[in-house]
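The next block holds one structure in the form of structure tokens; read it before the comments.
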2 protein chains.
Amino acid sequence: MYGLASGALPLGQFVARDGIIDLAWGHPDPALLPIGGLQRAANAVLARYGADALGYGYPTGPGPLIAWLCDHLGAIDGRKPDPEAVLATAGNSQALDQVATILTKPGDSVLVEAPTYHLAVRILRDHPLNLVPIPSDEDGMRVEALPGIMRALRRGGAGLQANGGRSGRPRLLYCVPTFNNPTGASLPPERRRQLVEFAAEAGIVIVEDDAYGELAYDAPRPPSLWSLAPPGVVVRLGSFSKSLAPGLRAGFLTADAAIVERFRESGQLDSGGGVSHFSSLVIAEFARSGDYSANVARLRAAYRERRDALLDALGESSRPALDWRRPGGGYFAWVALPAGTDARVLLRKAEAAGVGFMTGPSFYAGPIPSAATGRIRLAFTRYGPEALIEAGRRLLAVLDLAAG
Amino acid sequence: MYGLASGALPLGQFVARDGIIDLAWGHPDPALLPIGGLQRAANAVLARYGADALGYGYPTGPGPLIAWLCDHLGAIDGRKPDPEAVLATAGNSQALDQVATILTKPGDSVLVEAPTYHLAVRILRDHPLNLVPIPSDEDGMRVEALPGIMRALRRGGAGLQANGGRSGRPRLLYCVPTFNNPTGASLPPERRRQLVEFAAEAGIVIVEDDAYGELAYDAPRPPSLWSLAPPGVVVRLGSFSKSLAPGLRAGFLTADAAIVERFRESGQLDSGGGVSHFSSLVIAEFARSGDYSANVARLRAAYRERRDALLDALGESSRPALDWRRPGGGYFAWVALPAGTDARVLLRKAEAAGVGFMTGPSFYAGPIPSAATGRIRLAFTRYGPEALIEAGRRLLAVLDLAAG
């Protein structure tokens, strides 16, 4: 399983491959992790709270993190949550898993974007849930398609049953409306409003994966769906993996008090207490000193430069053979290849030429539209600008689009 | 939900109540948490691994923890696992939740001891699973009852269907065979052998909750079921909450490579990487220095003294009105009250007199046997010997059994 000739056991998730600039990974740049600041915060937490930092934590999260989150979200997201509407999590992957455990019944339908975050699909299917795709365009989810999907589900439309199981009213709608994974798109304001209205009326809980919300490069972040919706309609998953450090395994969700109470009363929280107690305290301490906001500002500047380095390297000269939108934030650019190019075929050639990426078909829970075979996702966060420029050049070369 | 007049948000899970020595909580003594040692380990981890300590971790756990665990378990449990058979977890509550997600289908039957850990029941039912009780005696699970339970399940015996759902062959058997919660009992060697033989033959996976295995007070720990069983028969859940610090939210499981591979391929681990990356590295660093073994030795000595202080305070003079066995390890004593005493009635009087505990009926997933109403669980780890002696005195006083 490890397959390491040296016999050493691996430490991290990333797998380096010789000579390949691998834009497949949605990982932060290790050089941008604030090691010293987090070290100071960890020491300060143990000095300040002593044993309270190492005992069983309050089930919904330690007070210092919850208090800071309320203030912080009030400042950046236009709506300040009540403490009772906030839950500390162990990151969005763990949070989505628990959302599935606590808020669904096995075989329930869950609406997901097409394309959508491929590993969220895997987390939801582990439960098991029946995933129903919602089509997207270049602005994100086509919200106007939702009533038709609902009608088809009520009729038991077999074409919408991607995963077996019961049909009927979907329980959840999972989406990444802000700096989407994989497309980078952000849902326009009018669609946000329509989406929360639809969900409120239909009795569907929106699970808003907001992992990338802090990483806005050109303008303030769009308001979260959670900030726009009536209580109980949206569960927003916020992560510290992208804005701080994934190894701490910490995040949060905002919902309403009734939904947070359902998590609080779950067996796992009642048994083990808060799921990220020490990490959450370290983050609260880091944030209290101002370091969190400074870190986010630093990441925005660095990733903005990287986004531009990569996309400028792909270059206007390659259009319209290559087509993309410059994402306003997040980790990913979603690039349409020249007509007739199959991304999976291209990937083999590209890796041989020293550049990796993920292919469009990876991101569909249901049928793969033919246009998706000509799409690729490029992550521009893990490597510095020079490596990204080189990756862009290699990609153009294998496409015979090298800039003249 | 918080209900604090001060408006301050809580930090920890424990809720102090004025004047009550509360033996209901299965928590460590905050004074016994090795704050300084863990602080040194956290600093050493960041110095040694830098960004690798804060990035996405290897999905099955960071190499340094896995390597140390293999050596450590080989030394204390008579069988050294292969690295591929070990998974880092975020503690036994998270691990049991993931076992339910990955290794069961909704509505599967799970065999559980009667009595059993009450919050494990809640975690399993959150999935939902159908819990089937196995009777116990003073030595623990009555393994010889298992074939009869299996026959009754095959007949669809309604009396065994505690939670609705499908009947048929149980998927899992959850148990705490070593220093049981709530009884303190350890399954005798012959029953251990019979249990793993039964499970291997019946095709049932035993989920061995081994949270207390390190805390053996009178003799070396009994061999885990995992160490006795053929590959694939036992998933042993090991925790650092009892042997080190619960706020780190870290533990491990040992199984076989095929089962660990199922976890590794789950959506949650593929998405978020290792579930306790930084904490696991801190623990590996703490252990590498020898501090872990020293800490366990210190806990054993402290908790042995506390066990004896509490049970000596209950005193031989109160027998046979009160009856208990001195547990060989762990957190709990399981005490039979004088005939006709209802533990739930006693609890109200006891709390008024300044002592708390958990009552027997809390620990049953199925029908509550009449004898259980006369049982209480006393946790002897959170308070020092003097408080425990006082708690014992208060309990005897409300029972009119005060030592003469």
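Identifiers for the structure tokens are assigned positionally: chains receive A, B, ... in sequence, residues are indexed from 1 per chain, and ligands are indexed from 1 in the order shown.
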Contacts of range 178-193 of chain A at 6 Å or less, counting only C-alpha atoms, minus same-chain residues fewer than 6 places along, as JSON, numbers by chain? {"A": [117, 139, 140, 213, 327, 329, 330, 332, 333, 334]}
Any idea which chain B residues end up within 6 Å of chain A if we count only C-alpha atoms, as a ChimeraX atom specification please? /B:9-13,30,51,54-58,62-63,93,119,122-123,245-248,267-268,271-272,277-278
Using all C-alpha atoms paired in order, least-squares fit chain A onto chain B and give me the moved copy as a compact mmCIF listing (two decimals) with C-alpha atoms, in the first residue's frame.
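The file below, out.txt, is the result:
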# COMPACT_ATOMS: atom_id res chain seq x y z
CA MET A 1 -28.34 26.43 24.81
CA TYR A 2 -25.34 27.68 26.76
CA GLY A 3 -27.37 28.96 29.67
CA LEU A 4 -24.53 30.89 31.22
CA ALA A 5 -25.57 34.01 33.07
CA SER A 6 -22.17 35.56 32.53
CA GLY A 7 -22.46 35.34 28.78
CA ALA A 8 -19.07 33.62 28.59
CA LEU A 9 -19.00 30.71 26.19
CA PRO A 10 -17.83 27.40 27.66
CA LEU A 11 -14.43 25.92 26.91
CA GLY A 12 -14.67 22.32 28.08
CA GLN A 13 -17.22 19.52 28.20
CA PHE A 14 -17.23 19.01 31.97
CA VAL A 15 -19.97 20.86 33.83
CA ALA A 16 -19.11 21.51 37.46
CA ARG A 17 -22.03 21.61 39.89
CA ASP A 18 -21.53 23.38 43.19
CA GLY A 19 -20.91 21.02 46.06
CA ILE A 20 -21.20 17.83 44.02
CA ILE A 21 -18.33 15.35 43.64
CA ASP A 22 -19.57 14.07 40.32
CA LEU A 23 -18.45 10.52 39.58
CA ALA A 24 -20.68 10.41 36.50
CA TRP A 25 -17.98 11.76 34.19
CA GLY A 26 -15.50 9.43 32.51
CA HIS A 27 -12.91 12.19 32.30
CA PRO A 28 -9.24 12.29 33.25
CA ASP A 29 -8.08 14.52 36.09
CA PRO A 30 -6.99 17.84 34.53
CA ALA A 31 -4.08 17.86 36.99
CA LEU A 32 -2.74 14.69 35.35
CA LEU A 33 -2.55 16.06 31.81
CA PRO A 34 1.12 16.44 30.78
CA ILE A 35 0.94 20.04 29.63
CA GLY A 36 4.68 20.76 29.63
CA GLY A 37 5.62 17.57 27.83
CA LEU A 38 3.05 18.11 25.12
CA GLN A 39 4.16 21.71 24.73
CA ARG A 40 7.75 20.55 24.19
CA ALA A 41 6.51 17.94 21.73
CA ALA A 42 4.46 20.48 19.76
CA ASN A 43 7.46 22.79 19.48
CA ALA A 44 9.70 19.90 18.46
CA VAL A 45 7.23 18.79 15.78
CA LEU A 46 7.17 22.24 14.19
CA ALA A 47 10.96 22.47 14.36
CA ARG A 48 11.45 18.97 12.95
CA TYR A 49 8.79 18.80 10.23
CA GLY A 50 8.00 22.45 9.55
CA ALA A 51 5.29 22.84 6.92
CA ASP A 52 4.89 19.07 6.66
CA ALA A 53 3.28 19.15 10.10
CA LEU A 54 0.66 21.65 8.94
CA GLY A 55 -0.16 20.48 5.40
CA TYR A 56 -2.61 17.77 4.39
CA GLY A 57 -1.54 14.59 6.18
CA TYR A 58 -1.13 11.12 4.81
CA PRO A 59 -4.66 9.65 4.78
CA THR A 60 -4.00 6.70 7.09
CA GLY A 61 -1.87 8.74 9.48
CA PRO A 62 1.61 10.26 9.55
CA GLY A 63 4.53 7.84 9.31
CA PRO A 64 6.13 8.74 12.65
CA LEU A 65 2.97 7.84 14.57
CA ILE A 66 2.36 4.64 12.62
CA ALA A 67 5.97 3.50 13.06
CA TRP A 68 5.91 4.16 16.80
CA LEU A 69 2.52 2.47 17.21
CA CYS A 70 3.77 -0.69 15.52
CA ASP A 71 6.70 -0.92 17.92
CA HIS A 72 4.65 0.05 20.95
CA LEU A 73 1.83 -2.42 20.30
CA GLY A 74 4.38 -5.12 19.57
CA ALA A 75 5.81 -4.49 23.02
CA ILE A 76 2.63 -4.18 25.08
CA ASP A 77 0.09 -6.30 23.21
CA GLY A 78 2.03 -9.35 22.09
CA ARG A 79 1.48 -8.77 18.39
CA LYS A 80 3.14 -6.16 16.22
CA PRO A 81 0.91 -4.86 13.45
CA ASP A 82 2.09 -4.20 9.92
CA PRO A 83 2.00 -0.47 9.17
CA GLU A 84 -0.63 -1.17 6.53
CA ALA A 85 -2.95 -2.54 9.24
CA VAL A 86 -2.90 0.66 11.31
CA LEU A 87 -5.02 3.77 10.83
CA ALA A 88 -4.69 7.04 12.74
CA THR A 89 -8.09 8.22 13.96
CA ALA A 90 -9.46 11.26 15.77
CA GLY A 91 -10.28 9.22 18.88
CA ASN A 92 -12.62 6.31 19.47
CA SER A 93 -15.83 8.30 19.07
CA GLN A 94 -14.81 9.46 15.61
CA ALA A 95 -13.41 6.03 14.79
CA LEU A 96 -16.60 4.24 15.76
CA ASP A 97 -18.61 6.69 13.69
CA GLN A 98 -16.41 5.99 10.68
CA VAL A 99 -16.55 2.24 11.28
CA ALA A 100 -20.32 2.54 11.09
CA THR A 101 -20.11 4.61 7.89
CA ILE A 102 -17.56 2.46 6.10
CA LEU A 103 -18.17 -1.09 7.35
CA THR A 104 -21.96 -1.23 7.66
CA LYS A 105 -25.02 -0.69 5.55
CA PRO A 106 -27.94 1.22 7.06
CA GLY A 107 -30.23 -1.10 8.98
CA ASP A 108 -27.56 -3.73 9.57
CA SER A 109 -27.60 -5.47 12.91
CA VAL A 110 -24.80 -4.83 15.37
CA LEU A 111 -24.33 -6.97 18.47
CA VAL A 112 -23.56 -5.01 21.64
CA GLU A 113 -22.97 -6.04 25.23
CA ALA A 114 -25.65 -5.51 27.87
CA PRO A 115 -24.61 -3.34 29.62
CA THR A 116 -22.47 -1.38 27.13
CA TYR A 117 -20.98 2.09 26.68
CA HIS A 118 -24.07 4.24 26.39
CA LEU A 119 -22.64 6.79 23.96
CA ALA A 120 -21.39 4.09 21.59
CA VAL A 121 -25.05 3.11 21.36
CA ARG A 122 -25.88 6.66 20.34
CA ILE A 123 -23.09 6.80 17.75
CA LEU A 124 -24.21 3.52 16.16
CA ARG A 125 -27.88 4.53 16.13
CA ASP A 126 -27.07 7.81 14.39
CA HIS A 127 -26.37 5.75 11.24
CA PRO A 128 -28.94 4.00 11.77
CA LEU A 129 -28.12 0.47 12.88
CA ASN A 130 -30.15 -2.19 14.62
CA LEU A 131 -28.59 -3.00 17.99
CA VAL A 132 -28.93 -6.49 19.42
CA PRO A 133 -27.91 -7.02 23.06
CA ILE A 134 -25.69 -9.85 24.31
CA PRO A 135 -26.14 -10.67 28.00
CA SER A 136 -23.22 -10.30 30.39
CA ASP A 137 -22.31 -11.67 33.78
CA GLU A 138 -19.71 -10.48 36.24
CA ASP A 139 -16.90 -11.62 33.90
CA GLY A 140 -18.29 -9.69 30.94
CA MET A 141 -19.98 -10.85 27.75
CA ARG A 142 -21.60 -14.29 27.94
CA VAL A 143 -19.98 -15.56 24.77
CA GLU A 144 -21.83 -18.85 25.00
CA ALA A 145 -25.09 -16.98 24.39
CA LEU A 146 -24.01 -15.86 20.91
CA PRO A 147 -25.08 -18.95 18.90
CA GLY A 148 -28.58 -18.73 20.36
CA ILE A 149 -28.80 -15.01 19.53
CA MET A 150 -27.73 -15.80 15.96
CA ARG A 151 -30.42 -18.46 15.64
CA ALA A 152 -33.05 -16.08 16.95
CA LEU A 153 -31.90 -13.37 14.52
CA ARG A 154 -32.16 -15.80 11.60
CA ARG A 155 -35.72 -16.53 12.68
CA GLY A 156 -36.33 -12.78 12.79
CA GLY A 157 -37.03 -12.83 16.51
CA ALA A 158 -38.86 -9.58 17.18
CA GLY A 159 -37.68 -9.45 20.78
CA LEU A 160 -34.12 -8.98 19.52
CA GLN A 161 -34.97 -6.02 17.29
CA ALA A 162 -34.16 -3.14 19.55
CA ASN A 163 -34.08 -0.45 16.91
CA GLY A 164 -36.23 -1.51 13.93
CA GLY A 165 -34.50 -2.22 10.65
CA ARG A 166 -33.40 -5.40 8.92
CA SER A 167 -32.54 -8.53 10.78
CA GLY A 168 -30.31 -11.33 9.50
CA ARG A 169 -26.62 -11.82 10.06
CA PRO A 170 -25.13 -9.05 12.19
CA ARG A 171 -22.38 -7.08 10.51
CA LEU A 172 -20.43 -6.06 13.63
CA LEU A 173 -20.07 -6.91 17.29
CA TYR A 174 -19.11 -3.89 19.41
CA CYS A 175 -17.59 -4.55 22.82
CA VAL A 176 -15.25 -3.20 25.50
CA PRO A 177 -13.55 -6.42 26.58
CA THR A 178 -10.79 -4.85 28.66
CA PHE A 179 -11.65 -2.75 31.75
CA ASN A 180 -15.18 -2.44 30.47
CA ASN A 181 -17.29 0.67 30.42
CA PRO A 182 -19.46 0.56 32.56
CA THR A 183 -18.57 -2.57 34.54
CA GLY A 184 -14.76 -2.48 34.76
CA ALA A 185 -14.70 -6.21 34.00
CA SER A 186 -12.21 -7.83 31.65
CA LEU A 187 -13.21 -10.80 29.56
CA PRO A 188 -11.35 -13.93 30.75
CA PRO A 189 -8.83 -15.53 28.38
CA GLU A 190 -11.02 -18.50 27.50
CA ARG A 191 -13.94 -16.24 26.55
CA ARG A 192 -11.63 -14.09 24.44
CA ARG A 193 -10.56 -17.16 22.51
CA GLN A 194 -14.16 -18.36 22.10
CA LEU A 195 -15.30 -14.90 21.00
CA VAL A 196 -12.78 -14.49 18.19
CA GLU A 197 -13.46 -18.07 17.04
CA PHE A 198 -17.17 -17.39 16.97
CA ALA A 199 -16.74 -14.15 15.03
CA ALA A 200 -14.34 -15.71 12.52
CA GLU A 201 -16.77 -18.56 11.89
CA ALA A 202 -19.86 -16.35 11.73
CA GLY A 203 -18.28 -13.74 9.46
CA ILE A 204 -18.84 -10.94 11.96
CA VAL A 205 -16.29 -8.15 12.49
CA ILE A 206 -15.59 -7.47 16.15
CA VAL A 207 -15.15 -3.77 16.95
CA GLU A 208 -13.00 -3.88 20.06
CA ASP A 209 -13.16 -0.60 21.96
CA ASP A 210 -9.78 -0.68 23.69
CA ALA A 211 -9.86 2.84 25.16
CA TYR A 212 -8.79 1.60 28.61
CA GLY A 213 -6.26 -1.09 27.68
CA GLU A 214 -3.20 0.92 28.73
CA LEU A 215 -4.62 1.56 32.21
CA ALA A 216 -3.92 -1.80 33.87
CA TYR A 217 -3.41 -1.47 37.63
CA ASP A 218 -2.64 -4.92 39.00
CA ALA A 219 -1.06 -6.94 36.18
CA PRO A 220 -0.10 -6.49 32.53
CA ARG A 221 -3.08 -5.75 30.30
CA PRO A 222 -4.91 -8.78 28.88
CA PRO A 223 -4.08 -9.45 25.22
CA SER A 224 -6.41 -7.53 22.91
CA LEU A 225 -8.93 -9.51 20.90
CA TRP A 226 -7.12 -8.09 17.85
CA SER A 227 -3.88 -9.77 18.93
CA LEU A 228 -5.66 -13.13 19.25
CA ALA A 229 -7.71 -13.14 16.07
CA PRO A 230 -7.06 -14.09 12.45
CA PRO A 231 -6.66 -11.08 10.10
CA GLY A 232 -9.87 -9.26 9.28
CA VAL A 233 -11.87 -10.47 12.29
CA VAL A 234 -11.17 -7.62 14.73
CA VAL A 235 -10.96 -3.84 14.38
CA ARG A 236 -9.39 -2.60 17.59
CA LEU A 237 -10.01 1.04 18.49
CA GLY A 238 -7.22 2.56 20.54
CA SER A 239 -7.44 6.03 22.03
CA PHE A 240 -5.05 8.63 23.36
CA SER A 241 -7.90 10.26 25.29
CA LYS A 242 -7.46 8.09 28.37
CA SER A 243 -3.70 7.47 28.22
CA LEU A 244 -2.68 11.02 27.28
CA ALA A 245 -5.04 13.94 26.55
CA PRO A 246 -8.56 13.91 25.09
CA GLY A 247 -8.37 17.45 23.72
CA LEU A 248 -5.88 16.34 21.08
CA ARG A 249 -8.63 14.19 19.53
CA ALA A 250 -6.33 11.40 18.40
CA GLY A 251 -6.39 7.64 18.46
CA PHE A 252 -5.75 4.73 16.13
CA LEU A 253 -7.18 1.49 15.00
CA THR A 254 -5.56 -1.81 14.16
CA ALA A 255 -7.27 -4.17 11.75
CA ASP A 256 -5.83 -5.80 8.64
CA ALA A 257 -4.56 -4.16 5.47
CA ALA A 258 -7.79 -4.84 3.55
CA ILE A 259 -9.98 -3.11 6.13
CA VAL A 260 -7.59 -0.16 6.50
CA GLU A 261 -7.66 0.15 2.71
CA ARG A 262 -11.44 0.56 2.84
CA PHE A 263 -11.02 3.51 5.20
CA ARG A 264 -8.20 4.92 3.12
CA GLU A 265 -10.43 4.85 0.06
CA SER A 266 -13.29 6.61 1.82
CA GLY A 267 -14.31 10.04 0.62
CA GLN A 268 -13.46 11.72 3.90
CA LEU A 269 -9.83 10.55 4.00
CA ASP A 270 -9.30 11.07 0.29
CA SER A 271 -10.59 14.60 0.61
CA GLY A 272 -9.19 15.83 3.90
CA GLY A 273 -6.16 13.58 4.37
CA GLY A 274 -5.31 12.20 7.82
CA VAL A 275 -7.99 13.10 10.37
CA SER A 276 -5.62 14.05 13.21
CA HIS A 277 -2.43 15.00 11.38
CA PHE A 278 -0.84 17.59 13.65
CA SER A 279 -2.05 15.94 16.88
CA SER A 280 -0.75 12.56 15.71
CA LEU A 281 2.69 14.05 15.05
CA VAL A 282 2.73 15.69 18.48
CA ILE A 283 1.90 12.35 20.09
CA ALA A 284 4.58 10.54 18.07
CA GLU A 285 7.12 13.13 19.18
CA PHE A 286 6.00 12.83 22.81
CA ALA A 287 6.25 9.05 22.57
CA ARG A 288 9.65 9.05 20.83
CA SER A 289 11.16 10.86 23.83
CA GLY A 290 9.89 8.20 26.22
CA ASP A 291 7.36 10.59 27.73
CA TYR A 292 4.35 8.53 26.64
CA SER A 293 5.38 5.41 28.54
CA ALA A 294 6.33 7.49 31.57
CA ASN A 295 2.95 9.21 31.43
CA VAL A 296 1.08 5.90 31.28
CA ALA A 297 3.08 4.62 34.27
CA ARG A 298 2.22 7.79 36.18
CA LEU A 299 -1.49 7.46 35.32
CA ARG A 300 -1.53 3.81 36.37
CA ALA A 301 -0.08 4.66 39.78
CA ALA A 302 -2.42 7.61 40.31
CA TYR A 303 -5.60 5.85 39.18
CA ARG A 304 -4.75 2.65 41.07
CA GLU A 305 -4.55 4.73 44.24
CA ARG A 306 -7.86 6.41 43.42
CA ARG A 307 -9.64 3.15 42.64
CA ASP A 308 -8.51 1.80 45.99
CA ALA A 309 -9.36 5.00 47.86
CA LEU A 310 -12.93 4.95 46.58
CA LEU A 311 -13.57 1.26 47.05
CA ASP A 312 -11.89 1.15 50.44
CA ALA A 313 -14.12 4.05 51.47
CA LEU A 314 -17.17 2.03 50.44
CA GLY A 315 -15.61 -0.51 52.72
CA GLU A 316 -15.91 -4.16 53.49
CA SER A 317 -18.26 -3.26 56.33
CA SER A 318 -20.97 -2.31 53.86
CA ARG A 319 -20.96 -5.77 52.27
CA PRO A 320 -23.02 -7.66 51.32
CA ALA A 321 -25.51 -4.77 51.18
CA LEU A 322 -23.20 -3.20 48.59
CA ASP A 323 -21.43 -5.47 46.14
CA TRP A 324 -18.72 -4.81 43.60
CA ARG A 325 -15.57 -6.25 42.09
CA ARG A 326 -12.35 -4.27 42.19
CA PRO A 327 -11.67 -3.57 38.48
CA GLY A 328 -8.18 -4.46 37.25
CA GLY A 329 -7.88 -1.21 35.31
CA GLY A 330 -9.75 1.52 33.51
CA TYR A 331 -12.00 4.26 34.81
CA PHE A 332 -15.03 2.62 36.40
CA ALA A 333 -16.40 0.61 39.29
CA TRP A 334 -19.82 -1.03 38.88
CA VAL A 335 -21.59 -1.26 42.16
CA ALA A 336 -24.69 -3.28 43.08
CA LEU A 337 -26.92 -1.41 45.53
CA PRO A 338 -28.79 -3.01 48.43
CA ALA A 339 -31.72 -5.15 47.26
CA GLY A 340 -34.72 -3.02 46.36
CA THR A 341 -32.78 0.23 45.91
CA ASP A 342 -33.57 1.99 42.63
CA ALA A 343 -30.45 3.74 41.36
CA ARG A 344 -32.46 6.53 39.76
CA VAL A 345 -34.23 7.33 43.02
CA LEU A 346 -30.94 7.13 44.88
CA LEU A 347 -29.29 9.54 42.45
CA ARG A 348 -31.62 12.37 43.40
CA LYS A 349 -30.85 11.89 47.08
CA ALA A 350 -27.15 11.43 46.41
CA GLU A 351 -26.85 14.64 44.41
CA ALA A 352 -28.60 16.47 47.21
CA ALA A 353 -25.93 14.98 49.50
CA GLY A 354 -23.11 16.03 47.17
CA VAL A 355 -22.21 12.96 45.13
CA GLY A 356 -23.11 12.06 41.52
CA PHE A 357 -22.85 8.90 39.41
CA MET A 358 -24.48 7.21 36.43
CA THR A 359 -27.30 4.75 36.91
CA GLY A 360 -27.36 1.20 35.56
CA PRO A 361 -30.31 1.58 33.18
CA SER A 362 -28.34 4.15 31.12
CA PHE A 363 -26.14 1.41 29.70
CA TYR A 364 -28.60 -0.81 27.85
CA ALA A 365 -29.37 -0.71 24.13
CA GLY A 366 -32.27 -3.12 24.57
CA PRO A 367 -34.58 -4.12 27.40
CA ILE A 368 -33.32 -3.12 30.83
CA PRO A 369 -32.95 -6.12 33.12
CA SER A 370 -34.47 -5.59 36.56
CA ALA A 371 -31.07 -6.08 38.23
CA ALA A 372 -29.72 -3.06 36.30
CA THR A 373 -32.00 -0.68 38.18
CA GLY A 374 -29.92 -1.50 41.27
CA ARG A 375 -26.53 -0.74 39.71
CA ILE A 376 -24.45 2.42 39.56
CA ARG A 377 -21.27 3.33 37.71
CA LEU A 378 -18.63 5.27 39.63
CA ALA A 379 -15.78 6.93 37.71
CA PHE A 380 -12.72 7.22 39.93
CA THR A 381 -10.30 9.14 37.67
CA ARG A 382 -11.27 12.78 37.69
CA TYR A 383 -10.94 13.44 41.42
CA GLY A 384 -8.08 12.91 43.84
CA PRO A 385 -8.14 10.30 46.63
CA GLU A 386 -9.49 12.66 49.30
CA ALA A 387 -12.46 13.72 47.22
CA LEU A 388 -13.14 10.08 46.34
CA ILE A 389 -13.09 9.06 50.00
CA GLU A 390 -15.53 11.86 50.76
CA ALA A 391 -17.72 10.77 47.82
CA GLY A 392 -17.74 7.21 49.20
CA ARG A 393 -18.77 8.48 52.63
CA ARG A 394 -21.59 10.55 51.19
CA LEU A 395 -22.85 7.59 49.20
CA LEU A 396 -22.86 5.33 52.25
CA ALA A 397 -24.66 8.00 54.22
CA VAL A 398 -27.54 8.32 51.76
CA LEU A 399 -27.74 4.51 51.74
CA ASP A 400 -27.79 4.42 55.56
CA LEU A 401 -24.71 2.23 55.36
CA ALA A 402 -22.25 4.61 57.02
CA ALA A 403 -19.25 2.66 58.26
CA GLY A 404 -19.34 2.26 62.03
